[in-house]
Amino acid sequence: NAGVTQTPKFRILKIGQSMTLQCTQDMNHNYMYWYRQDPGMGLKLIYYSVGAGITDKGEVPNGYNVSRSTTEDFPLRLELAAPSQTSVYFCASSYSLRTSGRNEQFFGPGTRLTVL
Amino acid sequence: DQQVKQNSPSLSVQEGRISILNCDYTNSMFDYFLWYKKYPAEGPTFLISISSIKDKNEDGRFTVFLNKSAKHLSLHIVPSQPGDSAVYFCAASRVIQGAQKLVFGQGTRLTINP
């Protein structure tokens, strides 16, 4: 199992450009999450999904969009990049706590994004 | 308003001794508390968790203690090993529709000295 994979690893964007951060998991998890981590800070939840076709906002959703058309994929879209979106982005997935009893999230390696 | 705080940015411990990492929270509605470990250029990896109805959970060298009246939890690592050197994040979760919405602390960088 590859676990959670993210592409690209690094990206530099100009202000106003758009891009999609890709996230794929092969563990058949229903739950997927996007976080951002700013320097010296903890991770903050951007969006999450409880299954294909169902997404909801997290703590810091402004400037981002998500979609979940399959169980495996959960892309994050930045429409008009701003310097404040310079961060490291982590995707994660998890089992159903209710059915598995497991509450950990499995994280990808991250995408380092710089907006200039 | 930071709901989960780790007030020590860094901690240095000698190999073989106990490492104690601390975390405070403000919201009594959290369902679980979790500890994650993070190496540079990698995603966080899960270490151990505790339900809000428990006061202790142990897994090998790792023990988490929860003091609900003080809204405080701690992670004990005994004995500390060089491979434990990493950034440790405390996180608190609310379970919404089965999804765990995590709130993270700022992290504590643990260095284990030989």
# chains A, B, ... in the order shown; residues from 1 in each chain; ligands from 1
call {"tool": "select_by_dssp", "arguments": {"residues": "chain B", "states": "strand (DSSP E)", "output": "mmCIF file with C-alpha atoms, in the first residue's frame"}}
result
data_model
loop_
_atom_site.group_PDB
_atom_site.id
_atom_site.type_symbol
_atom_site.label_atom_id
_atom_site.label_comp_id
_atom_site.auth_asym_id
_atom_site.auth_seq_id
_atom_site.Cartn_x
_atom_site.Cartn_y
_atom_site.Cartn_z
ATOM 1 C CA VAL B 4 -4.899 23.736 21.981
ATOM 2 C CA LYS B 5 -1.575 25.054 23.258
ATOM 3 C CA SER B 10 11.559 22.839 22.444
ATOM 4 C CA LEU B 11 12.769 20.208 24.902
ATOM 5 C CA SER B 12 16.154 18.532 25.235
ATOM 6 C CA VAL B 13 16.505 15.193 27.062
ATOM 7 C CA GLN B 14 19.329 12.775 27.604
ATOM 8 C CA SER B 19 10.705 12.886 28.078
ATOM 9 C CA ILE B 20 7.549 14.716 29.181
ATOM 10 C CA LEU B 21 5.672 16.830 26.646
ATOM 11 C CA ASN B 22 2.772 18.977 27.783
ATOM 12 C CA CYS B 23 -0.405 20.297 26.190
ATOM 13 C CA ASP B 24 -3.284 22.476 27.420
ATOM 14 C CA TYR B 25 -6.736 22.918 25.928
ATOM 15 C CA TYR B 32 -10.339 12.525 21.911
ATOM 16 C CA PHE B 33 -6.811 13.764 22.332
ATOM 17 C CA LEU B 34 -4.007 12.541 20.112
ATOM 18 C CA TRP B 35 -0.250 12.863 19.797
ATOM 19 C CA TYR B 36 1.506 12.958 16.443
ATOM 20 C CA LYS B 37 5.202 12.849 15.653
ATOM 21 C CA LYS B 38 6.688 14.664 12.684
ATOM 22 C CA THR B 45 2.497 10.076 12.030
ATOM 23 C CA PHE B 46 0.128 8.951 14.762
ATOM 24 C CA LEU B 47 1.611 7.938 18.111
ATOM 25 C CA ILE B 48 -1.082 7.468 20.716
ATOM 26 C CA SER B 49 -4.529 8.752 21.658
ATOM 27 C CA ILE B 50 -6.824 8.930 24.660
ATOM 28 C CA SER B 51 -10.579 9.212 24.945
ATOM 29 C CA LYS B 56 -4.395 7.266 31.061
ATOM 30 C CA ASN B 57 -3.442 5.259 28.012
ATOM 31 C CA GLU B 58 -0.223 3.327 27.544
ATOM 32 C CA ASP B 59 1.426 1.857 24.440
ATOM 33 C CA PHE B 62 4.527 5.962 25.299
ATOM 34 C CA THR B 63 1.957 6.949 27.933
ATOM 35 C CA VAL B 64 -0.565 9.753 27.689
ATOM 36 C CA PHE B 65 -2.159 11.244 30.804
ATOM 37 C CA LEU B 66 -5.316 13.358 30.749
ATOM 38 C CA ASN B 67 -6.305 15.702 33.565
ATOM 39 C CA HIS B 72 -4.141 19.358 30.535
ATOM 40 C CA LEU B 73 -2.553 16.338 28.929
ATOM 41 C CA SER B 74 0.973 15.050 28.786
ATOM 42 C CA LEU B 75 2.960 12.514 26.799
ATOM 43 C CA HIS B 76 5.620 10.499 28.606
ATOM 44 C CA ILE B 77 8.326 8.672 26.646
ATOM 45 C CA ALA B 86 11.230 15.011 16.158
ATOM 46 C CA VAL B 87 8.476 17.602 16.481
ATOM 47 C CA TYR B 88 5.533 16.388 18.564
ATOM 48 C CA PHE B 89 2.048 17.761 18.030
ATOM 49 C CA CYS B 90 -0.800 17.494 20.457
ATOM 50 C CA ALA B 91 -4.237 17.439 18.800
ATOM 51 C CA ALA B 92 -7.805 17.441 20.071
ATOM 52 C CA SER B 93 -10.727 16.083 18.082
ATOM 53 C CA ARG B 94 -14.469 16.602 17.754
ATOM 54 C CA VAL B 95 -16.236 13.760 15.974
ATOM 55 C CA ILE B 96 -18.721 15.144 13.435
ATOM 56 C CA ALA B 99 -15.108 12.559 10.771
ATOM 57 C CA GLN B 100 -12.535 13.677 13.311
ATOM 58 C CA LYS B 101 -12.016 17.411 13.112
ATOM 59 C CA LEU B 102 -8.589 17.915 14.627
ATOM 60 C CA VAL B 103 -7.284 21.061 16.311
ATOM 61 C CA PHE B 104 -3.505 21.041 16.659
ATOM 62 C CA THR B 108 7.292 20.874 20.625
ATOM 63 C CA ARG B 109 10.664 19.999 19.124
ATOM 64 C CA LEU B 110 12.165 17.138 21.142
ATOM 65 C CA THR B 111 15.903 16.512 20.937
ATOM 66 C CA ILE B 112 17.365 13.373 22.487
ATOM 67 C CA ASN B 113 21.046 13.755 23.293
#
call {"tool": "residues_around", "arguments": {"residues": "segment 69-84 of chain A", "least_positions_apart": "6", "cutoff": "6 Å", "atoms": "only C-alpha atoms", "output": "list in words"}}
result
Ile15, Gly16, Gln17, Ser18, Met19, Thr20, Leu21, Gln22, Cys23, Thr24, Gln25, Ala52, Gly53 and Val115 of chain A
call {"tool": "select_by_dssp", "arguments": {"residues": "chain A", "states": "alpha helix (DSSP H)", "output": "ChimeraX atom specification"}}
result
/A:97-100
call {"tool": "interface_residues", "arguments": {"of": "chain B", "to": "chain A", "cutoff": "6 Å", "atoms": "only C-alpha atoms", "output": "list in words"}}
result
Glu42, Gly43, Phe104, Gly105 and Gln106 of chain B
call {"tool": "write_last_selection", "arguments": {"atoms": "C-alpha atoms", "output": "tab-separated table (two decimals), in the first residue's frame"}}
result
chain	number	residue	atom	x	y	z
B	42	GLU	CA	7.35	14.20	6.12
B	43	GLY	CA	3.71	14.15	7.17
B	104	PHE	CA	-3.51	21.04	16.66
B	105	GLY	CA	-1.10	22.69	19.06
B	106	GLN	CA	1.97	24.50	17.76
call {"tool": "closest_residue", "arguments": {"among": "B:Val78, B:Ala41, B:Met29, B:Ile53", "to": "Glu15 of chain B", "atoms": "only C-alpha atoms"}}
result
B:Val78
call {"tool": "residues_around", "arguments": {"residues": "Thr114 of chain A", "least_positions_apart": "4", "cutoff": "9 Å", "atoms": "only C-alpha atoms", "output": "list in words"}}
result
Phe10, Arg11, Ile12, Leu13, Lys14, Pro83, Gln85, Thr86, Ser87 and Val88 of chain A
call {"tool": "write_last_selection", "arguments": {"atoms": "N, CA and C atoms", "output": "compact mmCIF listing (two decimals), in the first residue's frame"}}
result
# COMPACT_ATOMS: atom_id res chain seq x y z
N PHE A 10 6.51 20.27 -4.47
CA PHE A 10 6.83 21.69 -4.35
C PHE A 10 6.16 22.43 -5.51
N ARG A 11 5.81 23.70 -5.25
CA ARG A 11 5.26 24.51 -6.34
C ARG A 11 5.42 25.97 -5.96
N ILE A 12 5.79 26.77 -6.97
CA ILE A 12 5.82 28.23 -6.81
C ILE A 12 4.76 28.81 -7.73
N LEU A 13 3.90 29.64 -7.18
CA LEU A 13 2.84 30.27 -7.95
C LEU A 13 3.00 31.78 -7.93
N LYS A 14 2.52 32.42 -8.96
CA LYS A 14 2.44 33.88 -8.94
C LYS A 14 1.07 34.27 -8.38
N PRO A 83 -0.32 35.61 -1.41
CA PRO A 83 0.85 35.31 -0.57
C PRO A 83 0.49 34.66 0.76
N GLN A 85 -1.42 32.34 1.25
CA GLN A 85 -1.60 30.91 1.06
C GLN A 85 -0.26 30.16 0.95
N THR A 86 0.83 30.87 1.11
CA THR A 86 2.14 30.22 1.21
C THR A 86 2.14 29.36 2.46
N SER A 87 2.36 28.06 2.28
CA SER A 87 2.23 27.14 3.41
C SER A 87 2.64 25.74 2.95
N VAL A 88 2.64 24.81 3.89
CA VAL A 88 2.78 23.40 3.55
C VAL A 88 1.40 22.77 3.71
call {"tool": "closest_residue", "arguments": {"among": "A:Pro8, A:Arg68, A:Gly3, A:Ile46", "to": "Asp26 of chain A", "atoms": "only C-alpha atoms"}}
result
A:Gly3
call {"tool": "closest_residue", "arguments": {"among": "B:Ala70, B:Gly60, B:Gly107, B:Pro82", "to": "Ser8 of chain B", "atoms": "only C-alpha atoms"}}
result
B:Gly107
call {"tool": "atom_distance", "arguments": {"atom1": "atom CA of Arg36 of chain A", "atom2": "atom CA of Thr7 of chain A"}}
result
14.7 Å
